[in-house]
Each structure stands twice: as structure tokens, then as C-alpha cells.
Protein chains: 2
Amino acid sequence: VLTKNNAKFIKSLQLKKYRQKEGLFIVEGEKNILELLKSNFKIETLLFSAQFLPKIEKFIKSSDTSIFEVSIRELATLGSLKTNNAGLAVVQIPAEPKFVASGVQLILDDISDPGNLGTIMRTADWYGIQSIICSEETVELYNPKTISASMGSIFRINIFRKPLTDFLLAHKETAVYGAMLSGENVHKIKFKKNAFVLIGNEANGIGEPLLSFIDHAITIPGKGSAESLNAALATAIICDNIYRDI
Amino acid sequence: VLTKNNAKFIKSLQLKKYRQKEGLFIVEGEKNILELLKSNFKIETLLFSAQFLPKIEKFIKSSDTSIFEVSIRELATLGSLKTNNAGLAVVQIPAEPKFVASGVQLILDDISDPGNLGTIMRTADWYGIQSIICSEETVELYNPKTISASMGSIFRINIFRKPLTDFLLAHKETAVYGAMLSGENVHKIKFKKNAFVLIGNEANGIGEPLLSFIDHAITIPGKGSAESLNAALATAIICDNIYRDI
């Protein structure tokens, strides 16, 4: 059975401080756990409910991960979800892969909402975008809300955290499309096959130091009264426009 | 000054039960309060910080709302936001307006996430869509997370809560576009000027009883591995496609 110390350790991983110290994060809920099991991420511990067992039996037989059957109530107590009748895994934070410029890639300048970050991962995965490059100030990748919103996409795409000015200086050959409130109509743009799409912070947009790297400022036309669109939504609309062209 | 009873009453409005009993809801944060003040919504009480005062002075002078200056700490204690250095208002839930079919209108079948609902309101407002018709099972309109995500758009668009089967029966003349995982490519569709866009629940999609009302099943093409897109994102992408055509 799960000891009190095990439980305390798992709970501590709700906090960024302990995730970073231990190099571990938490994955919760049926969809995310099933996606995790299909990935190469290293699982240290897997807790599961009796009702979830049939869906993961194959994995359990072939793995040397520590596994524990727990109650649905324990899953909710140990994790961040209000209801979780499937499972919870403690997973190793992977090393950052080597960056390869290829196709369309997203660059996030200080996205601060963990749900937005996870939703952007899910969107990238929908469109087959393989990498997201995050500024150093972007919210932590392994926040439970990010993992939850990514719906498993975090296990499939490459995510980098880099000082963006240096990064863009080193990749001057790639076209940069920046999402702005005043730019070219995204419907009229012929996107290049190799490109960076640069998305700014939810409240402040793209930071001043990055503006000079933008080759094409792009705007999503609207005709109502809202001042702006949510950052994850804007990313998705831009991706939809890119993938009708190329 | 704000009495203990006032404070207790305001706090109680974090719960749906008390919002419905009192016919009141809470609006918090600078952006949402400023949008509220521009609207016709009836404000019962307005709390504000000293630093927010200059931005609302004009309103305060011309209004007979009960107003209280409070500390930033009180704003956080009374409301749902972690940090709120502007204000908090207690606002009357308005009566539902009379429905008028006109232009493109969104129909939400059991959207369950309050953030998604607010983001969809903001998106509708961006595109100039004037009404959203929600199923009776859709999450409550006045949840603090919905208000926050709507970024003031809730004060500008008409929102209805109706039994959708009856509603669609009564509006058979209007074309219904339903967001599905397998349908016509949204990029290829010539949308009608008067139309309903039907969006389903986050986990289960459009409910079976509504499927027969769909004139055009539409799909957002993707080429990656994510199983689906977030419901608010899908709504935004469909709107972007509608407003490039009409």
C-alpha cells in the first residue's frame, strides 16, 4: 500500500518548487494517463483505481514502475482534479531535446496562464506542429493545469525554454509571423513553409525586444466590440489559416 | 465602511445557490469593472481600491450605487481573484431579453467549463455575433470564472438559456452548422448569412437529440495527433471561417 510518506511526497509535487527540485511532475485523469502510457516519458509511480485497472493491465504487466491501487477518494486527495476516477502518475521531467528548425513552429513570449499554455500545446498537436519554443518567463510547463489542458499533447510535441532574443538571432533565416492587434489580415497572407509564429503575453502582447524580429505582423479581423481575443484562440485561428495555405 | 454582514453577503455570492436566490452576481478586476460601468447592467454595490478611484470617479459622481473604498487585501478576500487591485461590484442578473433571429448566432449544447463559456462570449463579441443560446444544462452564466474569461463581453451580447430541441423546432428556417469530428471541411463551406453554429459539450460533443437538426456537419481539418480541439477554440476557428465569407 501507499505509505503516508509516499502520499506526502506526491502531494508536494503540486508545487512548482518541489517539481523542480525532484525533476518530477504529476499526470492525472483517464485521458492524460492513457496518452502518457503511449509515450516514452518515464513513469516512477502509477496509482490507479480498481475501475481503471482493465484499461491499463497490459502496461502494468510489462512495466517495472511502482504501482498502487488506490480509492477514487485518494486520487482526488493526492492530485489537483476535483474528480478523478482513473489514475495519477508521477513522471520524470524529460531533458530538453535538441532543437531542429523544421516547418511551422510556435514561439510563446511570456504566456502566463497555465491553461492557455496547455491549450496551445493541444492546438499545436492538432495541426502537426512539432515544436513550441517558450520564453524563460513563460509559465512552467509542468503545472497541473497545463498538463490537464494539453490533453496528452504534452507527451507528443517538443517543448523548449530559451532566451528568445538569442534564439531569434540564431535563426534569422526563418520568417517570423507575429500576432498583433494591427497588422496584415491573416486571411490574406501566404505563409511560408518554414516559419515561426510568435504569440505574446495575454495582457501585454509581444515584448518590445522581440518586435524587431517580426517579418510579418498579422492580425485576426473582427468586427465586434471585444478588445482582443484570448491568446490560445488567436494561436488556433492563425494555425487554421496557415494550414489552409501550406 | 463595509460591515461584516455586507462582507459575508458578498462572499456568499461566490456560490451559485446564493447568486440564484438573490439574483445577483459578482464582477471583479479592472477590465471587467470598466466594461461593466459602460453597460446598462444595474450595479448594487461597488467596492474599489484607492488606486482604482481615479479611473471610476466620473461614474461615482453620477451614480446612486452604494460605494465603499476597501483595501486590496479585502478585494482578494471577498472575491475569487487571487490578486485584484481594482474593484469588485455586486450586479443584478438581468432578465433574459426577447430573442430575435438575426445573422450568425451560437448555440451551445451543454458547455460545462465556465472558462470555455466566458471565452466563447469574448469570441462572439470579437466577431460581432449578438446572441448565444445555451442549453439548460450549460454551466451557469454568472460563475466568476465565466465573467472573468469573458473580459467584459458578457455585458454586450445577448445570452439565452433555452430547451434546445424546442428552440430549434421553432426556428427550422435557419440553417444549422454543427461542429463535429467528421463533417465537411470548414474551409470549403459557403456559410449562409443567417445561421446557427451549434457547439457540443467538451467531452461528449453534440447531444443525440440535436443531431437531426444539423443541416451541415462541419469539421476543422488537422493533421497532427490530438484527438480534438478545445470547444472554445473550435468555436473561434469556425467564426473566423464564417467571417471570411460573409
# chains A, B, ... in the order shown; residues from 1 in each chain; ligands from 1
$ interface_residues --of "chain B" --to "chain A" --cutoff "6 Å" --atoms "only C-alpha atoms" --output "PDB file with N, CA, C and O atoms, in the first residue's frame"
ATOM      1  N   ASP B 125     -18.248  38.261 -29.202  1.00  0.00           N
ATOM      2  CA  ASP B 125     -18.174  39.724 -29.173  1.00  0.00           C
ATOM      3  C   ASP B 125     -17.125  40.239 -30.156  1.00  0.00           C
ATOM      4  O   ASP B 125     -17.309  41.264 -30.811  1.00  0.00           O
ATOM      5  N   TRP B 126     -16.016  39.524 -30.293  1.00  0.00           N
ATOM      6  CA  TRP B 126     -14.975  39.908 -31.257  1.00  0.00           C
ATOM      7  C   TRP B 126     -15.523  39.914 -32.678  1.00  0.00           C
ATOM      8  O   TRP B 126     -15.229  40.788 -33.483  1.00  0.00           O
ATOM      9  N   TYR B 127     -16.346  38.902 -32.986  1.00  0.00           N
ATOM     10  CA  TYR B 127     -16.864  38.759 -34.342  1.00  0.00           C
ATOM     11  C   TYR B 127     -18.181  39.499 -34.555  1.00  0.00           C
ATOM     12  O   TYR B 127     -18.770  39.425 -35.624  1.00  0.00           O
ATOM     13  N   GLY B 128     -18.665  40.181 -33.537  1.00  0.00           N
ATOM     14  CA  GLY B 128     -19.921  40.910 -33.689  1.00  0.00           C
ATOM     15  C   GLY B 128     -21.148  40.014 -33.665  1.00  0.00           C
ATOM     16  O   GLY B 128     -22.216  40.417 -34.136  1.00  0.00           O
ATOM     17  N   GLY B 222      -7.264  18.913 -39.311  1.00  0.00           N
ATOM     18  CA  GLY B 222      -5.986  18.917 -38.600  1.00  0.00           C
ATOM     19  C   GLY B 222      -5.157  17.776 -39.134  1.00  0.00           C
ATOM     20  O   GLY B 222      -5.696  16.869 -39.759  1.00  0.00           O
ATOM     21  N   LYS B 223      -3.852  17.807 -38.931  1.00  0.00           N
ATOM     22  CA  LYS B 223      -3.061  16.690 -39.449  1.00  0.00           C
ATOM     23  C   LYS B 223      -2.122  16.127 -38.405  1.00  0.00           C
ATOM     24  O   LYS B 223      -1.237  15.360 -38.697  1.00  0.00           O
ATOM     25  N   GLY B 224      -2.319  16.520 -37.157  1.00  0.00           N
ATOM     26  CA  GLY B 224      -1.465  16.011 -36.096  1.00  0.00           C
ATOM     27  C   GLY B 224      -2.124  14.859 -35.378  1.00  0.00           C
ATOM     28  O   GLY B 224      -2.934  14.131 -35.951  1.00  0.00           O
ATOM     29  N   SER B 225      -1.805  14.721 -34.093  1.00  0.00           N
ATOM     30  CA  SER B 225      -2.251  13.552 -33.344  1.00  0.00           C
ATOM     31  C   SER B 225      -3.274  13.851 -32.250  1.00  0.00           C
ATOM     32  O   SER B 225      -3.780  12.924 -31.631  1.00  0.00           O
ATOM     33  N   ALA B 226      -3.556  15.122 -31.971  1.00  0.00           N
ATOM     34  CA  ALA B 226      -4.545  15.406 -30.938  1.00  0.00           C
ATOM     35  C   ALA B 226      -5.895  14.876 -31.397  1.00  0.00           C
ATOM     36  O   ALA B 226      -6.210  14.913 -32.586  1.00  0.00           O
ATOM     37  N   LEU B 233     -11.907  26.998 -28.718  1.00  0.00           N
ATOM     38  CA  LEU B 233     -11.046  27.170 -29.883  1.00  0.00           C
ATOM     39  C   LEU B 233     -11.774  26.805 -31.162  1.00  0.00           C
ATOM     40  O   LEU B 233     -11.668  27.510 -32.172  1.00  0.00           O
ATOM     41  N   ILE B 237     -12.375  29.207 -34.416  1.00  0.00           N
ATOM     42  CA  ILE B 237     -11.917  28.883 -35.774  1.00  0.00           C
ATOM     43  C   ILE B 237     -13.102  28.891 -36.741  1.00  0.00           C
ATOM     44  O   ILE B 237     -13.010  29.400 -37.854  1.00  0.00           O
TER      45      ILE B 237
END
$ residues_around --residues "Thr165 in chain B" --least-positions-apart "5" --cutoff "12 Å" --atoms "only C-alpha atoms" --output "ChimeraX atom specification"
/B:107,109,133-136,170-172,207-214
$ write_last_selection --atoms "N, CA, C and O atoms" --output "short mmCIF file (atom, residue, chain, number, x, y, z; two decimals), in the first residue's frame"
data_model
loop_
_atom_site.label_atom_id
_atom_site.label_comp_id
_atom_site.auth_asym_id
_atom_site.auth_seq_id
_atom_site.Cartn_x
_atom_site.Cartn_y
_atom_site.Cartn_z
N ILE B 107 -25.12 28.42 -30.72
CA ILE B 107 -25.92 27.59 -29.84
C ILE B 107 -24.97 26.63 -29.11
O ILE B 107 -24.18 25.93 -29.75
N ASP B 109 -24.50 23.48 -26.69
CA ASP B 109 -25.16 22.31 -26.12
C ASP B 109 -24.34 21.78 -24.95
O ASP B 109 -23.42 20.98 -25.13
N ILE B 133 -27.20 31.15 -27.58
CA ILE B 133 -28.30 30.40 -26.98
C ILE B 133 -27.70 29.17 -26.30
O ILE B 133 -27.05 28.35 -26.95
N CYS B 134 -27.89 29.07 -24.99
CA CYS B 134 -27.31 27.98 -24.22
C CYS B 134 -28.38 26.95 -23.88
O CYS B 134 -29.51 27.31 -23.54
N SER B 135 -27.99 25.69 -23.89
CA SER B 135 -28.89 24.64 -23.41
C SER B 135 -29.09 24.82 -21.91
O SER B 135 -28.30 25.49 -21.23
N GLU B 136 -30.13 24.20 -21.39
CA GLU B 136 -30.41 24.34 -19.97
C GLU B 136 -29.31 23.72 -19.10
O GLU B 136 -29.13 24.11 -17.96
N ALA B 170 -38.60 25.53 -33.33
CA ALA B 170 -39.27 26.81 -33.59
C ALA B 170 -38.52 27.67 -34.61
O ALA B 170 -39.03 28.70 -35.05
N HIS B 171 -37.30 27.27 -34.95
CA HIS B 171 -36.50 28.07 -35.90
C HIS B 171 -35.99 27.21 -37.03
O HIS B 171 -34.81 27.28 -37.40
N LYS B 172 -36.87 26.43 -37.60
CA LYS B 172 -36.46 25.46 -38.63
C LYS B 172 -36.00 26.14 -39.91
O LYS B 172 -35.33 25.53 -40.74
N GLY B 207 -25.26 16.58 -28.44
CA GLY B 207 -26.14 15.52 -27.94
C GLY B 207 -26.99 14.91 -29.04
O GLY B 207 -27.39 15.58 -29.99
N GLU B 208 -27.26 13.65 -28.89
CA GLU B 208 -28.00 12.86 -29.88
C GLU B 208 -29.33 13.53 -30.28
O GLU B 208 -29.65 13.59 -31.47
N PRO B 209 -30.12 14.07 -29.33
CA PRO B 209 -31.42 14.64 -29.72
C PRO B 209 -31.31 15.82 -30.68
O PRO B 209 -32.29 16.19 -31.32
N LEU B 210 -30.12 16.44 -30.77
CA LEU B 210 -29.98 17.62 -31.62
C LEU B 210 -29.43 17.29 -33.00
O LEU B 210 -29.46 18.13 -33.91
N LEU B 211 -28.90 16.08 -33.16
CA LEU B 211 -28.19 15.76 -34.41
C LEU B 211 -29.10 15.93 -35.64
O LEU B 211 -28.63 16.38 -36.69
N SER B 212 -30.38 15.62 -35.50
CA SER B 212 -31.26 15.67 -36.67
C SER B 212 -31.53 17.11 -37.13
O SER B 212 -32.02 17.33 -38.23
N PHE B 213 -31.20 18.08 -36.29
CA PHE B 213 -31.40 19.48 -36.69
C PHE B 213 -30.22 20.05 -37.50
O PHE B 213 -30.30 21.16 -38.01
N ILE B 214 -29.13 19.31 -37.55
CA ILE B 214 -27.93 19.82 -38.22
C ILE B 214 -28.06 19.74 -39.73
O ILE B 214 -28.27 18.66 -40.29
#
$ select_by_dssp --residues "range 62-207 of chain A" --states "helix (DSSP H, G or I)" --output "PDB file with N, CA and C atoms, in the first residue's frame"
ATOM      1  N   SER A  62       3.874  -5.308 -18.198  1.00  0.00           N
ATOM      2  CA  SER A  62       5.163  -5.224 -18.890  1.00  0.00           C
ATOM      3  C   SER A  62       6.085  -4.172 -18.295  1.00  0.00           C
ATOM      4  N   ILE A  72     -10.826   6.090  -5.305  1.00  0.00           N
ATOM      5  CA  ILE A  72     -11.090   7.302  -6.059  1.00  0.00           C
ATOM      6  C   ILE A  72     -10.940   8.524  -5.151  1.00  0.00           C
ATOM      7  N   ARG A  73     -11.283   8.349  -3.902  1.00  0.00           N
ATOM      8  CA  ARG A  73     -11.129   9.461  -2.959  1.00  0.00           C
ATOM      9  C   ARG A  73      -9.654   9.821  -2.769  1.00  0.00           C
ATOM     10  N   GLU A  74      -8.810   8.795  -2.676  1.00  0.00           N
ATOM     11  CA  GLU A  74      -7.373   9.082  -2.550  1.00  0.00           C
ATOM     12  C   GLU A  74      -6.840   9.821  -3.780  1.00  0.00           C
ATOM     13  N   LEU A  75      -7.318   9.436  -4.948  1.00  0.00           N
ATOM     14  CA  LEU A  75      -6.855  10.108  -6.174  1.00  0.00           C
ATOM     15  C   LEU A  75      -7.162  11.602  -6.115  1.00  0.00           C
ATOM     16  N   ALA A  76      -8.362  11.933  -5.638  1.00  0.00           N
ATOM     17  CA  ALA A  76      -8.740  13.348  -5.554  1.00  0.00           C
ATOM     18  C   ALA A  76      -7.927  14.056  -4.475  1.00  0.00           C
ATOM     19  N   THR A  77      -7.656  13.360  -3.374  1.00  0.00           N
ATOM     20  CA  THR A  77      -6.890  13.970  -2.279  1.00  0.00           C
ATOM     21  C   THR A  77      -5.444  14.234  -2.693  1.00  0.00           C
ATOM     22  N   LEU A  78      -4.874  13.296  -3.436  1.00  0.00           N
ATOM     23  CA  LEU A  78      -3.450  13.407  -3.774  1.00  0.00           C
ATOM     24  C   LEU A  78      -3.200  14.364  -4.937  1.00  0.00           C
ATOM     25  N   PRO A 114      -1.513  28.951 -17.199  1.00  0.00           N
ATOM     26  CA  PRO A 114      -1.182  27.545 -17.460  1.00  0.00           C
ATOM     27  C   PRO A 114      -2.197  26.849 -18.362  1.00  0.00           C
ATOM     28  N   GLY A 115      -3.471  27.215 -18.233  1.00  0.00           N
ATOM     29  CA  GLY A 115      -4.487  26.622 -19.119  1.00  0.00           C
ATOM     30  C   GLY A 115      -4.245  27.018 -20.566  1.00  0.00           C
ATOM     31  N   ASN A 116      -3.917  28.279 -20.795  1.00  0.00           N
ATOM     32  CA  ASN A 116      -3.611  28.711 -22.168  1.00  0.00           C
ATOM     33  C   ASN A 116      -2.426  27.929 -22.735  1.00  0.00           C
ATOM     34  N   LEU A 117      -1.386  27.746 -21.920  1.00  0.00           N
ATOM     35  CA  LEU A 117      -0.207  27.025 -22.412  1.00  0.00           C
ATOM     36  C   LEU A 117      -0.590  25.594 -22.813  1.00  0.00           C
ATOM     37  N   GLY A 118      -1.353  24.924 -21.966  1.00  0.00           N
ATOM     38  CA  GLY A 118      -1.768  23.553 -22.289  1.00  0.00           C
ATOM     39  C   GLY A 118      -2.642  23.507 -23.529  1.00  0.00           C
ATOM     40  N   THR A 119      -3.543  24.477 -23.653  1.00  0.00           N
ATOM     41  CA  THR A 119      -4.426  24.522 -24.823  1.00  0.00           C
ATOM     42  C   THR A 119      -3.621  24.784 -26.091  1.00  0.00           C
ATOM     43  N   ILE A 120      -2.586  25.603 -25.993  1.00  0.00           N
ATOM     44  CA  ILE A 120      -1.721  25.851 -27.159  1.00  0.00           C
ATOM     45  C   ILE A 120      -0.972  24.573 -27.544  1.00  0.00           C
ATOM     46  N   MET A 121      -0.534  23.795 -26.545  1.00  0.00           N
ATOM     47  CA  MET A 121       0.115  22.508 -26.858  1.00  0.00           C
ATOM     48  C   MET A 121      -0.851  21.598 -27.626  1.00  0.00           C
ATOM     49  N   ARG A 122      -2.093  21.541 -27.137  1.00  0.00           N
ATOM     50  CA  ARG A 122      -3.103  20.687 -27.781  1.00  0.00           C
ATOM     51  C   ARG A 122      -3.358  21.144 -29.208  1.00  0.00           C
ATOM     52  N   THR A 123      -3.389  22.465 -29.402  1.00  0.00           N
ATOM     53  CA  THR A 123      -3.624  23.028 -30.735  1.00  0.00           C
ATOM     54  C   THR A 123      -2.463  22.698 -31.669  1.00  0.00           C
ATOM     55  N   ALA A 124      -1.234  22.873 -31.177  1.00  0.00           N
ATOM     56  CA  ALA A 124      -0.059  22.556 -31.988  1.00  0.00           C
ATOM     57  C   ALA A 124      -0.128  21.100 -32.433  1.00  0.00           C
ATOM     58  N   ASP A 125      -0.478  20.245 -31.500  1.00  0.00           N
ATOM     59  CA  ASP A 125      -0.545  18.811 -31.778  1.00  0.00           C
ATOM     60  C   ASP A 125      -1.638  18.515 -32.812  1.00  0.00           C
ATOM     61  N   TRP A 126      -2.753  19.229 -32.732  1.00  0.00           N
ATOM     62  CA  TRP A 126      -3.838  19.058 -33.716  1.00  0.00           C
ATOM     63  C   TRP A 126      -3.343  19.361 -35.130  1.00  0.00           C
ATOM     64  N   PRO A 144      -0.002  21.490 -13.095  1.00  0.00           N
ATOM     65  CA  PRO A 144      -1.118  20.549 -13.298  1.00  0.00           C
ATOM     66  C   PRO A 144      -2.186  21.063 -14.259  1.00  0.00           C
ATOM     67  N   LYS A 145      -2.447  22.368 -14.260  1.00  0.00           N
ATOM     68  CA  LYS A 145      -3.465  22.906 -15.174  1.00  0.00           C
ATOM     69  C   LYS A 145      -2.998  22.854 -16.628  1.00  0.00           C
ATOM     70  N   THR A 146      -1.684  23.005 -16.833  1.00  0.00           N
ATOM     71  CA  THR A 146      -1.136  22.909 -18.187  1.00  0.00           C
ATOM     72  C   THR A 146      -1.256  21.475 -18.686  1.00  0.00           C
ATOM     73  N   ILE A 147      -0.850  20.540 -17.842  1.00  0.00           N
ATOM     74  CA  ILE A 147      -0.914  19.116 -18.208  1.00  0.00           C
ATOM     75  C   ILE A 147      -2.359  18.755 -18.541  1.00  0.00           C
ATOM     76  N   SER A 148      -3.281  19.198 -17.680  1.00  0.00           N
ATOM     77  CA  SER A 148      -4.673  18.846 -17.876  1.00  0.00           C
ATOM     78  C   SER A 148      -5.203  19.427 -19.191  1.00  0.00           C
ATOM     79  N   ALA A 149      -4.921  20.703 -19.466  1.00  0.00           N
ATOM     80  CA  ALA A 149      -5.436  21.334 -20.692  1.00  0.00           C
ATOM     81  C   ALA A 149      -4.780  20.770 -21.950  1.00  0.00           C
ATOM     82  N   SER A 150      -3.568  20.236 -21.815  1.00  0.00           N
ATOM     83  CA  SER A 150      -2.878  19.734 -23.019  1.00  0.00           C
ATOM     84  C   SER A 150      -3.515  18.433 -23.516  1.00  0.00           C
ATOM     85  N   SER A 153      -1.235  16.077 -25.246  1.00  0.00           N
ATOM     86  CA  SER A 153      -0.374  16.579 -26.319  1.00  0.00           C
ATOM     87  C   SER A 153       1.037  16.893 -25.820  1.00  0.00           C
ATOM     88  N   ILE A 154       1.169  17.184 -24.538  1.00  0.00           N
ATOM     89  CA  ILE A 154       2.497  17.479 -23.990  1.00  0.00           C
ATOM     90  C   ILE A 154       3.446  16.286 -24.175  1.00  0.00           C
ATOM     91  N   PHE A 155       2.901  15.088 -24.307  1.00  0.00           N
ATOM     92  CA  PHE A 155       3.758  13.906 -24.480  1.00  0.00           C
ATOM     93  C   PHE A 155       4.205  13.718 -25.920  1.00  0.00           C
ATOM     94  N   LEU A 164      14.540  34.254 -25.786  1.00  0.00           N
ATOM     95  CA  LEU A 164      14.031  34.378 -27.160  1.00  0.00           C
ATOM     96  C   LEU A 164      14.865  35.291 -28.047  1.00  0.00           C
ATOM     97  N   THR A 165      15.452  36.327 -27.455  1.00  0.00           N
ATOM     98  CA  THR A 165      16.262  37.227 -28.289  1.00  0.00           C
ATOM     99  C   THR A 165      17.424  36.452 -28.907  1.00  0.00           C
ATOM    100  N   ASP A 166      18.139  35.699 -28.080  1.00  0.00           N
ATOM    101  CA  ASP A 166      19.251  34.894 -28.595  1.00  0.00           C
ATOM    102  C   ASP A 166      18.760  33.871 -29.617  1.00  0.00           C
ATOM    103  N   PHE A 167      17.645  33.262 -29.290  1.00  0.00           N
ATOM    104  CA  PHE A 167      17.103  32.229 -30.180  1.00  0.00           C
ATOM    105  C   PHE A 167      16.783  32.803 -31.559  1.00  0.00           C
ATOM    106  N   LEU A 168      16.124  33.959 -31.560  1.00  0.00           N
ATOM    107  CA  LEU A 168      15.727  34.550 -32.846  1.00  0.00           C
ATOM    108  C   LEU A 168      16.944  35.064 -33.614  1.00  0.00           C
ATOM    109  N   LEU A 169      17.927  35.570 -32.887  1.00  0.00           N
ATOM    110  CA  LEU A 169      19.166  35.996 -33.543  1.00  0.00           C
ATOM    111  C   LEU A 169      19.831  34.822 -34.245  1.00  0.00           C
ATOM    112  N   ALA A 170      19.756  33.647 -33.630  1.00  0.00           N
ATOM    113  CA  ALA A 170      20.412  32.458 -34.187  1.00  0.00           C
ATOM    114  C   ALA A 170      19.612  31.835 -35.338  1.00  0.00           C
ATOM    115  N   VAL A 186      -4.826  38.212 -41.489  1.00  0.00           N
ATOM    116  CA  VAL A 186      -4.346  36.827 -41.528  1.00  0.00           C
ATOM    117  C   VAL A 186      -4.991  36.033 -42.677  1.00  0.00           C
ATOM    118  N   HIS A 187      -6.122  36.485 -43.151  1.00  0.00           N
ATOM    119  CA  HIS A 187      -6.791  35.789 -44.260  1.00  0.00           C
ATOM    120  C   HIS A 187      -6.086  36.008 -45.598  1.00  0.00           C
ATOM    121  N   LYS A 188      -5.282  37.054 -45.679  1.00  0.00           N
ATOM    122  CA  LYS A 188      -4.685  37.429 -46.971  1.00  0.00           C
ATOM    123  C   LYS A 188      -3.225  36.990 -47.101  1.00  0.00           C
TER     124      LYS A 188
END
$ closest_residue --among "B:Leu108, B:Lys55, B:Glu30, B:Ser131" --to "Thr83 in chain B" --atoms "only C-alpha atoms"
B:Glu30
$ select_by_dssp --residues "range 43-137 of chain A" --states "strand (DSSP E)" --output "ChimeraX atom specification"
/A:43-48,66-69,87-92,104-108,131-134
$ write_last_selection --atoms "N, CA, C and O atoms" --output "mmCIF file, in the first residue's frame"
data_model
loop_
_atom_site.group_PDB
_atom_site.id
_atom_site.type_symbol
_atom_site.label_atom_id
_atom_site.label_comp_id
_atom_site.auth_asym_id
_atom_site.auth_seq_id
_atom_site.Cartn_x
_atom_site.Cartn_y
_atom_site.Cartn_z
ATOM 1 N N ILE A 43 7.808 6.846 -16.158
ATOM 2 C CA ILE A 43 6.866 6.902 -15.040
ATOM 3 C C ILE A 43 7.509 6.291 -13.810
ATOM 4 O O ILE A 43 8.001 5.162 -13.854
ATOM 5 N N GLU A 44 7.539 7.026 -12.720
ATOM 6 C CA GLU A 44 8.127 6.497 -11.483
ATOM 7 C C GLU A 44 7.108 5.724 -10.662
ATOM 8 O O GLU A 44 7.420 4.700 -10.068
ATOM 9 N N THR A 45 5.894 6.291 -10.572
ATOM 10 C CA THR A 45 4.858 5.667 -9.761
ATOM 11 C C THR A 45 3.535 5.821 -10.494
ATOM 12 O O THR A 45 3.271 6.861 -11.085
ATOM 13 N N LEU A 46 2.720 4.791 -10.440
ATOM 14 C CA LEU A 46 1.388 4.881 -11.057
ATOM 15 C C LEU A 46 0.347 4.423 -10.037
ATOM 16 O O LEU A 46 0.422 3.301 -9.530
ATOM 17 N N LEU A 47 -0.585 5.315 -9.719
ATOM 18 C CA LEU A 47 -1.713 4.958 -8.862
ATOM 19 C C LEU A 47 -2.932 4.803 -9.757
ATOM 20 O O LEU A 47 -3.110 5.581 -10.691
ATOM 21 N N PHE A 48 -3.756 3.841 -9.449
ATOM 22 C CA PHE A 48 -4.937 3.646 -10.300
ATOM 23 C C PHE A 48 -6.092 3.145 -9.448
ATOM 24 O O PHE A 48 -5.903 2.523 -8.405
ATOM 25 N N SER A 66 6.569 1.365 -10.031
ATOM 26 C CA SER A 66 5.853 1.069 -8.781
ATOM 27 C C SER A 66 4.381 1.365 -9.003
ATOM 28 O O SER A 66 4.031 2.464 -9.427
ATOM 29 N N ILE A 67 3.538 0.424 -8.707
ATOM 30 C CA ILE A 67 2.108 0.639 -8.907
ATOM 31 C C ILE A 67 1.332 0.386 -7.624
ATOM 32 O O ILE A 67 1.716 -0.432 -6.798
ATOM 33 N N PHE A 68 0.272 1.152 -7.459
ATOM 34 C CA PHE A 68 -0.567 1.032 -6.273
ATOM 35 C C PHE A 68 -2.028 1.183 -6.676
ATOM 36 O O PHE A 68 -2.371 2.143 -7.362
ATOM 37 N N GLU A 69 -2.855 0.288 -6.216
ATOM 38 C CA GLU A 69 -4.284 0.508 -6.386
ATOM 39 C C GLU A 69 -4.762 1.367 -5.231
ATOM 40 O O GLU A 69 -4.453 1.094 -4.070
ATOM 41 N N GLY A 87 -6.655 7.537 -12.608
ATOM 42 C CA GLY A 87 -5.331 7.319 -12.051
ATOM 43 C C GLY A 87 -4.510 8.580 -11.925
ATOM 44 O O GLY A 87 -4.955 9.676 -12.303
ATOM 45 N N LEU A 88 -3.326 8.401 -11.354
ATOM 46 C CA LEU A 88 -2.396 9.507 -11.148
ATOM 47 C C LEU A 88 -0.987 8.933 -11.293
ATOM 48 O O LEU A 88 -0.684 7.880 -10.719
ATOM 49 N N ALA A 89 -0.144 9.607 -12.058
ATOM 50 C CA ALA A 89 1.219 9.108 -12.257
ATOM 51 C C ALA A 89 2.234 10.161 -11.848
ATOM 52 O O ALA A 89 2.007 11.356 -12.024
ATOM 53 N N VAL A 90 3.336 9.695 -11.288
ATOM 54 C CA VAL A 90 4.486 10.551 -11.018
ATOM 55 C C VAL A 90 5.477 10.292 -12.145
ATOM 56 O O VAL A 90 5.886 9.140 -12.364
ATOM 57 N N VAL A 91 5.838 11.356 -12.858
ATOM 58 C CA VAL A 91 6.562 11.200 -14.122
ATOM 59 C C VAL A 91 7.828 12.048 -14.110
ATOM 60 O O VAL A 91 7.838 13.156 -13.562
ATOM 61 N N GLN A 92 8.877 11.535 -14.715
ATOM 62 C CA GLN A 92 10.134 12.296 -14.798
ATOM 63 C C GLN A 92 10.025 13.428 -15.824
ATOM 64 O O GLN A 92 9.574 13.201 -16.952
ATOM 65 N N VAL A 104 6.474 24.720 -39.475
ATOM 66 C CA VAL A 104 5.953 25.825 -38.670
ATOM 67 C C VAL A 104 6.190 25.508 -37.202
ATOM 68 O O VAL A 104 5.953 24.394 -36.759
ATOM 69 N N GLN A 105 6.698 26.479 -36.467
ATOM 70 C CA GLN A 105 6.938 26.291 -35.036
ATOM 71 C C GLN A 105 6.381 27.491 -34.283
ATOM 72 O O GLN A 105 6.392 28.615 -34.795
ATOM 73 N N LEU A 106 5.891 27.258 -33.105
ATOM 74 C CA LEU A 106 5.316 28.351 -32.307
ATOM 75 C C LEU A 106 6.351 28.889 -31.329
ATOM 76 O O LEU A 106 7.108 28.122 -30.736
ATOM 77 N N ILE A 107 6.349 30.204 -31.159
ATOM 78 C CA ILE A 107 7.190 30.832 -30.144
ATOM 79 C C ILE A 107 6.273 31.599 -29.195
ATOM 80 O O ILE A 107 5.466 32.422 -29.630
ATOM 81 N N LEU A 108 6.360 31.304 -27.917
ATOM 82 C CA LEU A 108 5.491 31.936 -26.927
ATOM 83 C C LEU A 108 6.284 32.907 -26.069
ATOM 84 O O LEU A 108 7.211 32.512 -25.364
ATOM 85 N N SER A 131 7.131 21.681 -32.638
ATOM 86 C CA SER A 131 7.841 22.321 -31.533
ATOM 87 C C SER A 131 7.190 23.612 -31.079
ATOM 88 O O SER A 131 6.631 24.354 -31.880
ATOM 89 N N ILE A 132 7.325 23.860 -29.798
ATOM 90 C CA ILE A 132 6.949 25.139 -29.204
ATOM 91 C C ILE A 132 8.172 25.643 -28.454
ATOM 92 O O ILE A 132 8.759 24.915 -27.649
ATOM 93 N N ILE A 133 8.542 26.882 -28.744
ATOM 94 C CA ILE A 133 9.667 27.483 -28.044
ATOM 95 C C ILE A 133 9.100 28.536 -27.098
ATOM 96 O O ILE A 133 8.437 29.482 -27.523
ATOM 97 N N CYS A 134 9.351 28.363 -25.798
ATOM 98 C CA CYS A 134 8.800 29.269 -24.795
ATOM 99 C C CYS A 134 9.890 30.196 -24.276
ATOM 100 O O CYS A 134 11.033 29.779 -24.088
#
